[in-house]
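What follows is a set of notes on a single structure, which appears directly below.
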4 protein chains.
Amino acid sequence: MVEGTGRGRPRSESARAAVLHAVDDLLVEVGYAALTMKGIAERAGVGRQTVYRWWSNKAEVLYEASVTDARQELAVSLSGDARADVRAYLDALIAFLTRSHAGAAYRALLGEAQHDPDVALLLASRDILEDSAAAIVEAARAASGTTLSAEEATALLIGPSFFRVLSGHRAEDIDTAALADRFMRALASP
Amino acid sequence: MVEGTGRGRPRSESARAAVLHAVDDLLVEVGYAALTMKGIAERAGVGRQTVYRWWSNKAEVLYEASVTDARQELAVSLSGDARADVRAYLDALIAFLTRSHAGAAYRALLGEAQHDPDVALLLASRDILEDSAAAIVEAARAASGTTLSAEEATALLIGPSFFRVLSGHRAEDIDTAALADRFMRALASP
Amino acid sequence: MVEGTGRGRPRSESARAAVLHAVDDLLVEVGYAALTMKGIAERAGVGRQTVYRWWSNKAEVLYEASVTDARQELAVSLSGDARADVRAYLDALIAFLTRSHAGAAYRALLGEAQHDPDVALLLASRDILEDSAAAIVEAARAASGTTLSAEEATALLIGPSFFRVLSGHRAEDIDTAALADRFMRALASP
Amino acid sequence: MVEGTGRGRPRSESARAAVLHAVDDLLVEVGYAALTMKGIAERAGVGRQTVYRWWSNKAEVLYEASVTDARQELAVSLSGDARADVRAYLDALIAFLTRSHAGAAYRALLGEAQHDPDVALLLASRDILEDSAAAIVEAARAASGTTLSAEEATALLIGPSFFRVLSGHRAEDIDTAALADRFMRALASP
DNA sequence: AATTAACCGAGACGGTACGTCCCGTCTTATC
DNA sequence: GATAAGACGGGACGTACCGTCTCGGTTAATT
């Protein structure tokens, strides 16, 4: 996108990058609760107004800082074996939600979305999890010949692990092989 | 349970009730984000210290204020027809998560838990959702003769709806009849 | 003064003593600014109400706790030599104001009196300094045959040292011999 | 004096003035005891942090708010007649201590200084009373040819009135003509 | 001996100021 | 005209103390 006439000083790309890096670092170091716009600006060596000029709240900065990493971590290649692919995806999903920095950011944002409609809209506009599962879900639907919609199938796939992690259960307990098996069974037509 | 030695002025039950009522009211009126300890105390006509004396943060007050309502709203009676009971439970669950005040409180707490370990512990200690599903899950497991553990079955039951709601999808779209059907199918042994 | 009928439990003398001791100790340990009614009661092992029952504010407790010591420290015997007696009194006065615990209490009370009328009344009712100087002033007035009133002479005697100490000057610098000399000269008739 | 690099928003002169005015007003309206940093900020229409940014406690604000007035009220012109000048100064001093707003501030600060070392330092750094008396004291010393130091003479001059007022006596009783006379007599060499 | 009444300790109560932190906005000089 | 710096008005935080109250328990003098 072109920046109008180009008059005046152009946006500093280095400032943008510094902010996104600062958010990444601070999220790990101090956690989401202690992540402040003030702290981000200072860590990035950037004026406070510069942050506000490009992002309207910390959720937006965090979203932009983590969405690329999130997509990468959740990407799985299709092997042709639907059940194996589903299991691989579930493993990636759980690793993302419980051990990844980008996953921590996602959980924080999803948490914030529960009481901030702006953040809810931001997340709903492009749901990272749903996007990441689309290919696997499509393959599984095709393989099973299910009558379920993609949306329904996605909820069946992601929901159980999502619930276990978000509601605070230990993630090691999740048997992804069994989960993949039950998912395929649920998909199947009668 | 005895409250220590009984020395000193006893805790004021009316103050306790006033605080819990104030939290309930304020959550509806101003939302979780604008819910402050200061606001709660003032609305309750209670000293600030009195709130801090009995609850260490707003999550604890909110939990105590909503847990009883939550249990009531999620209670379903067993009819003997497992599939019908599951569907009734899912309807209650979705209504709770999307339309109930207690459910709004639960979602706010679950959100807070994603970036506050104290709140996470509080919720994990007695998971309202898991508790509420225990009887239905047990009945469904018995009816299906499944090899799945109760924990796994609970995640299968709650997860899909939970994911749809928490990640911001419209709740009316959820076909609980289909979901109950798929749940029973997933439980079934091969 | 008799306490009415004497019915009911009599005042606990040990509680009274414990409070006064606690005030003395705390004044030295934490200073006047950090001296609180709560702290006094706890240090004395006494209920808060018990303190309030007998003294209406911390100034009153402090006054009662220090007035006896103050009188003792400021007592000087008359030798017959007015100038020498005056000098001895000034030495005692400066020691009291700068090095004594009771003097610290007096200065704190006098400070409080500058912005609390109740404390001002308390101090004015029986001015410790003026009382202590009465005998010496009388002797000096008699020896000099001055036309000055006792009040005026007292102010001439105490004022200079009082000002030096209260306004924060170093006390060692005060030449009490010279001061005594000038005082006698000021008293003398023309 | 230069204020660093000049970067950033400069200090708001209007905020500074508003705070000092608020202190002046509040001291008269509610008295020193009820003078709070919170109240000052609110009355000035200023953020709390803005007050703390420039003054570390209410004593500092009050000092800055009253010192200029104090100097004006205590200024006396020299006529050449030392005794008359001394009397004029004593009249001004007593009026300052007992009837002036700036004098009320000074007494409050001096009171605070008795139990707060920070305030004591603040007052000692530039003693308003001693400064104000310097010219008169010098003139009186020259006229009398005394051997007393300026410090000693100042204490002799100010002390008696200072003691009378601070220890709560009525100010109307002070005979400044007699006091000036005795002061000149005390100064005189033998 | 039983009753009565005031005192005792403990500690919770409604209030309010404290000093700190962060919010999002603004106003500088600099680039 | 965007930037780094940093002051601005505002407001919540969690703590401390205020002076009051309400308990159970104690200690006498009066019945």
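All residue names refer to the structure tokens as shown: chains lettered A, B, ... in order, residues numbered from 1 in each chain, ligands numbered from 1 in order.
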With 6 Å as the cut-off and only C-alpha atoms (C1' of nucleotides) counted, what is the closest atom pair between each nearby residue of chain D and chain E? Distances in Å to one decimal, ordered by chain and number, as JSON lines.
```
{"residue": "D:Arg7", "atom": "CA", "partner": "E:DA29", "partner_atom": "C1'", "distance": 5.7}
{"residue": "D:Gly8", "atom": "CA", "partner": "E:DT28", "partner_atom": "C1'", "distance": 5.2}
{"residue": "D:Arg9", "atom": "CA", "partner": "E:DT28", "partner_atom": "C1'", "distance": 4.6}
```
For chain F, list the residues within 10 Å of chain D, counting only C-alpha atoms (C1' of nucleotides), and write the list as an mmCIF file with N, CA, C and O atoms (P, O5', C5', C4', C3', O3' and C1' of nucleotides), in the first residue's frame.
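This went into out-v9.cif:
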```cif
data_model
loop_
_atom_site.group_PDB
_atom_site.id
_atom_site.type_symbol
_atom_site.label_atom_id
_atom_site.label_comp_id
_atom_site.auth_asym_id
_atom_site.auth_seq_id
_atom_site.Cartn_x
_atom_site.Cartn_y
_atom_site.Cartn_z
ATOM 1 P P DA F 4 11.205 6.409 17.852
ATOM 2 O "O5'" DA F 4 11.887 7.371 18.917
ATOM 3 C "C5'" DA F 4 13.290 7.612 18.835
ATOM 4 C "C4'" DA F 4 13.718 8.455 20.024
ATOM 5 C "C3'" DA F 4 13.398 7.842 21.386
ATOM 6 O "O3'" DA F 4 14.476 8.140 22.263
ATOM 7 C "C1'" DA F 4 12.240 9.906 21.162
ATOM 8 P P DA F 5 14.367 7.777 23.812
ATOM 9 O "O5'" DA F 5 13.724 9.095 24.413
ATOM 10 C "C5'" DA F 5 14.447 10.307 24.311
ATOM 11 C "C4'" DA F 5 13.708 11.383 25.093
ATOM 12 C "C3'" DA F 5 13.283 10.959 26.495
ATOM 13 O "O3'" DA F 5 13.878 11.854 27.406
ATOM 14 C "C1'" DA F 5 11.485 11.984 25.319
ATOM 15 P P DG F 6 13.850 11.589 28.977
ATOM 16 O "O5'" DG F 6 12.470 12.217 29.421
ATOM 17 C "C5'" DG F 6 12.242 13.601 29.232
ATOM 18 C "C4'" DG F 6 10.774 13.867 29.424
ATOM 19 C "C3'" DG F 6 10.169 13.202 30.678
ATOM 20 O "O3'" DG F 6 9.364 14.137 31.340
ATOM 21 C "C1'" DG F 6 8.822 12.867 28.856
ATOM 22 P P DA F 7 9.530 14.388 32.904
ATOM 23 O "O5'" DA F 7 8.370 15.447 33.172
ATOM 24 C "C5'" DA F 7 8.362 16.668 32.452
ATOM 25 C "C4'" DA F 7 6.943 17.082 32.143
ATOM 26 C "C3'" DA F 7 5.968 16.895 33.305
ATOM 27 O "O3'" DA F 7 5.200 18.087 33.453
ATOM 28 C "C1'" DA F 7 5.152 15.758 31.381
ATOM 29 P P DC F 8 4.147 18.210 34.607
ATOM 30 O "O5'" DC F 8 2.798 17.733 33.918
ATOM 31 C "C5'" DC F 8 2.207 18.587 32.938
ATOM 32 C "C4'" DC F 8 0.967 17.935 32.384
ATOM 33 C "C3'" DC F 8 -0.026 17.448 33.439
ATOM 34 O "O3'" DC F 8 -0.944 18.488 33.723
ATOM 35 C "C1'" DC F 8 0.216 15.878 31.634
ATOM 36 P P DG F 9 -1.857 18.397 35.013
ATOM 37 O "O5'" DG F 9 -3.058 17.456 34.580
ATOM 38 C "C5'" DG F 9 -4.077 17.956 33.714
ATOM 39 C "C4'" DG F 9 -5.153 16.908 33.537
ATOM 40 C "C3'" DG F 9 -5.911 16.552 34.820
ATOM 41 O "O3'" DG F 9 -7.277 16.296 34.457
ATOM 42 C "C1'" DG F 9 -4.811 14.626 33.991
ATOM 43 P P DG F 10 -8.387 15.855 35.554
ATOM 44 O "O5'" DG F 10 -8.238 14.272 35.570
ATOM 45 C "C5'" DG F 10 -8.643 13.535 34.428
ATOM 46 C "C4'" DG F 10 -8.408 12.060 34.657
ATOM 47 C "C3'" DG F 10 -8.997 11.505 35.968
ATOM 48 O "O3'" DG F 10 -10.059 10.640 35.611
ATOM 49 C "C1'" DG F 10 -6.836 10.614 35.485
ATOM 50 P P DG F 11 -11.124 10.169 36.697
ATOM 51 O "O5'" DG F 11 -10.549 8.749 37.124
ATOM 52 C "C5'" DG F 11 -10.274 7.795 36.113
ATOM 53 C "C4'" DG F 11 -9.487 6.653 36.724
ATOM 54 C "C3'" DG F 11 -9.951 6.276 38.139
ATOM 55 O "O3'" DG F 11 -9.940 4.867 38.218
ATOM 56 C "C1'" DG F 11 -7.665 6.592 38.135
#
```
Residues of region 20-186 of chain A in helix (DSSP H, G or I), written as a ChimeraX atom specification: /A:20-30,37-44,48-54,58-74,82-99,101-113,117-125,128-144,150-166,176-186
Write out as a compact mmCIF listing (two decimals) with N, CA and C atoms, in the first residue's frame each polymer residue whose atoms come within 12 Å of region 75-90 of chain B, counting only C-alpha atoms (C1' of nucleotides); drop sequence neighbours fewer than 3 positions from it.
```txt
# COMPACT_ATOMS: atom_id res chain seq x y z
N THR B 68 -22.09 -20.86 42.64
CA THR B 68 -23.36 -21.49 43.01
C THR B 68 -24.37 -21.41 41.85
N ASP B 69 -24.49 -20.23 41.29
CA ASP B 69 -25.37 -20.07 40.13
C ASP B 69 -24.94 -21.00 38.99
N ALA B 70 -23.63 -21.05 38.78
CA ALA B 70 -23.12 -21.88 37.69
C ALA B 70 -23.55 -23.33 37.86
N ARG B 71 -23.37 -23.87 39.05
CA ARG B 71 -23.74 -25.26 39.30
C ARG B 71 -25.23 -25.50 39.03
N GLN B 72 -26.03 -24.57 39.48
CA GLN B 72 -27.47 -24.72 39.27
C GLN B 72 -27.81 -24.75 37.79
N LEU B 93 -25.15 -26.23 28.55
CA LEU B 93 -23.77 -25.74 28.51
C LEU B 93 -23.64 -24.50 27.63
N ILE B 94 -24.24 -24.58 26.45
CA ILE B 94 -24.14 -23.45 25.52
C ILE B 94 -24.91 -22.25 26.05
N ALA B 95 -26.06 -22.51 26.63
CA ALA B 95 -26.81 -21.40 27.22
C ALA B 95 -25.99 -20.76 28.33
N PHE B 96 -25.38 -21.60 29.14
CA PHE B 96 -24.53 -21.09 30.23
C PHE B 96 -23.41 -20.22 29.69
N LEU B 97 -22.69 -20.72 28.72
CA LEU B 97 -21.51 -20.00 28.23
C LEU B 97 -21.86 -18.73 27.47
N ILE B 128 -15.64 -26.20 37.34
CA ILE B 128 -17.10 -26.18 37.34
C ILE B 128 -17.67 -27.03 36.20
N LEU B 129 -17.13 -26.85 35.02
CA LEU B 129 -17.65 -27.56 33.87
C LEU B 129 -17.49 -29.07 34.02
N GLU B 130 -16.29 -29.50 34.36
CA GLU B 130 -16.02 -30.92 34.51
C GLU B 130 -16.94 -31.54 35.57
N ASP B 131 -17.10 -30.85 36.66
CA ASP B 131 -18.00 -31.34 37.71
C ASP B 131 -19.42 -31.52 37.17
N SER B 132 -19.86 -30.50 36.45
CA SER B 132 -21.26 -30.51 36.02
C SER B 132 -21.54 -31.66 35.05
N ALA B 133 -20.50 -32.07 34.34
CA ALA B 133 -20.71 -33.10 33.32
C ALA B 133 -20.55 -34.51 33.86
N ALA B 134 -20.06 -34.61 35.10
CA ALA B 134 -19.64 -35.92 35.61
C ALA B 134 -20.75 -36.98 35.51
N ALA B 135 -21.95 -36.62 35.93
CA ALA B 135 -23.02 -37.61 35.95
C ALA B 135 -23.40 -38.05 34.54
N ILE B 136 -23.54 -37.07 33.64
CA ILE B 136 -23.89 -37.41 32.25
C ILE B 136 -22.80 -38.27 31.62
N VAL B 137 -21.56 -37.88 31.85
CA VAL B 137 -20.46 -38.63 31.27
C VAL B 137 -20.48 -40.06 31.79
N GLU B 138 -20.74 -40.18 33.06
CA GLU B 138 -20.74 -41.54 33.65
C GLU B 138 -21.85 -42.37 33.02
N ALA B 139 -23.01 -41.77 32.88
CA ALA B 139 -24.13 -42.50 32.27
C ALA B 139 -23.82 -42.90 30.83
N ALA B 140 -23.22 -41.95 30.10
CA ALA B 140 -22.90 -42.23 28.69
C ALA B 140 -21.84 -43.31 28.57
N ARG B 141 -20.89 -43.28 29.45
CA ARG B 141 -19.85 -44.31 29.41
C ARG B 141 -20.45 -45.68 29.72
N ALA B 142 -21.32 -45.72 30.69
CA ALA B 142 -21.95 -46.99 31.04
C ALA B 142 -22.79 -47.51 29.87
N ALA B 143 -23.56 -46.62 29.27
CA ALA B 143 -24.44 -47.03 28.18
C ALA B 143 -23.66 -47.52 26.97
N SER B 144 -22.49 -46.91 26.75
CA SER B 144 -21.73 -47.25 25.54
C SER B 144 -20.70 -48.33 25.78
N ALA B 153 -13.55 -38.70 28.06
CA ALA B 153 -14.93 -38.57 27.60
C ALA B 153 -15.46 -37.15 27.86
N THR B 154 -15.09 -36.60 29.01
CA THR B 154 -15.53 -35.24 29.34
C THR B 154 -15.01 -34.24 28.30
N LEU B 156 -14.20 -34.84 25.25
CA LEU B 156 -14.92 -35.06 24.00
C LEU B 156 -16.31 -34.41 24.04
N LEU B 157 -16.93 -34.49 25.19
CA LEU B 157 -18.28 -33.96 25.33
C LEU B 157 -18.29 -32.43 25.30
N ILE B 158 -17.45 -31.84 26.17
CA ILE B 158 -17.48 -30.40 26.35
C ILE B 158 -16.70 -29.65 25.28
N GLY B 159 -15.55 -30.24 24.89
CA GLY B 159 -14.58 -29.56 24.03
C GLY B 159 -15.15 -28.84 22.82
N PRO B 160 -15.88 -29.51 21.96
CA PRO B 160 -16.33 -28.86 20.73
C PRO B 160 -17.16 -27.60 20.98
N SER B 161 -18.13 -27.68 21.84
CA SER B 161 -18.94 -26.49 22.13
C SER B 161 -18.09 -25.41 22.78
N PHE B 162 -17.27 -25.82 23.72
CA PHE B 162 -16.37 -24.92 24.43
C PHE B 162 -15.50 -24.14 23.45
N ALA B 171 -23.09 -18.85 18.57
CA ALA B 171 -23.52 -20.05 19.29
C ALA B 171 -24.76 -20.68 18.69
N ILE B 174 -24.62 -23.89 16.53
CA ILE B 174 -24.22 -25.21 17.01
C ILE B 174 -25.42 -26.16 17.02
N ASP B 175 -25.26 -27.26 16.32
CA ASP B 175 -26.31 -28.28 16.23
C ASP B 175 -26.06 -29.31 17.32
N THR B 176 -26.73 -29.11 18.44
CA THR B 176 -26.43 -29.97 19.58
C THR B 176 -26.91 -31.40 19.37
N ALA B 177 -27.96 -31.56 18.57
CA ALA B 177 -28.41 -32.93 18.28
C ALA B 177 -27.31 -33.70 17.57
N ALA B 178 -26.74 -33.09 16.53
CA ALA B 178 -25.65 -33.74 15.80
C ALA B 178 -24.46 -33.99 16.70
N LEU B 179 -24.17 -32.98 17.55
CA LEU B 179 -23.02 -33.09 18.44
C LEU B 179 -23.20 -34.26 19.41
N ALA B 180 -24.39 -34.41 19.96
CA ALA B 180 -24.67 -35.50 20.88
C ALA B 180 -24.52 -36.84 20.16
N ASP B 181 -25.01 -36.86 18.95
CA ASP B 181 -24.92 -38.08 18.15
C ASP B 181 -23.47 -38.49 17.91
N ARG B 182 -22.67 -37.50 17.47
CA ARG B 182 -21.26 -37.78 17.19
C ARG B 182 -20.51 -38.17 18.46
N PHE B 183 -20.90 -37.56 19.59
CA PHE B 183 -20.26 -37.89 20.86
C PHE B 183 -20.51 -39.36 21.21
N MET B 184 -21.77 -39.80 21.05
CA MET B 184 -22.09 -41.20 21.36
C MET B 184 -21.33 -42.13 20.42
N ARG B 185 -21.24 -41.72 19.17
CA ARG B 185 -20.53 -42.55 18.20
C ARG B 185 -19.04 -42.65 18.54
N LEU B 187 -17.72 -42.43 21.44
CA LEU B 187 -17.54 -43.24 22.65
C LEU B 187 -17.53 -44.73 22.33
```
Which residues of chain D are close to chain C, meaning at most 7 Å apart when you count only C-alpha atoms, and how do they look as a PyMOL selection string? chain D and resi 32-33+107-108+110-112+114-116+120+124+155-156+159-160+162-164+167-168+182-183+185-186
Store the residues picked out above, limited to C-alpha atoms, as a CSV table (one decimal), in the first residue's frame.
```csv
chain,number,residue,atom,x,y,z
D,32,TYR,CA,-2.5,21.9,58.0
D,33,ALA,CA,-3.7,18.7,59.6
D,107,ARG,CA,4.6,27.2,62.2
D,108,ALA,CA,3.2,24.1,60.6
D,110,LEU,CA,8.4,24.0,62.0
D,111,GLY,CA,6.1,21.7,63.9
D,112,GLU,CA,6.6,19.0,61.3
D,114,GLN,CA,10.3,18.4,65.1
D,115,HIS,CA,9.4,14.9,64.1
D,116,ASP,CA,10.5,14.6,60.4
D,120,ALA,CA,14.1,19.8,59.5
D,124,ALA,CA,17.5,24.6,58.2
D,155,ALA,CA,18.6,34.2,69.0
D,156,LEU,CA,18.3,36.9,71.6
D,159,GLY,CA,13.8,33.8,70.8
D,160,PRO,CA,11.5,35.5,73.4
D,162,PHE,CA,9.2,32.9,69.2
D,163,PHE,CA,8.9,31.1,72.5
D,164,ARG,CA,5.8,33.0,73.6
D,167,SER,CA,4.3,27.6,73.3
D,168,GLY,CA,0.8,28.9,72.9
D,182,ARG,CA,15.9,44.7,76.8
D,183,PHE,CA,17.4,43.4,73.7
D,185,ARG,CA,20.5,46.3,76.8
D,186,ALA,CA,21.5,42.7,76.6
```
Atomic separation - CA of His101 (chain B) relative to CA of Ala22 (chain B), Å: 13.2 Å
Considering only C-alpha atoms (C1' of nucleotides), can you say which of B:Glu42, B:Tyr52, B:Arg99, B:Ser149 comes closest to DT15 (chain F)? B:Tyr52
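Going from CA of Thr36 (chain A) over to CA of Tyr63 (chain B), you cover 26.1 Å.
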Have a look at CA of Ile40 (chain D) and C1' of DT16 (chain E) and let me know their distance in Å, one decimal.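 These two atoms are separated by 14.8 Å.
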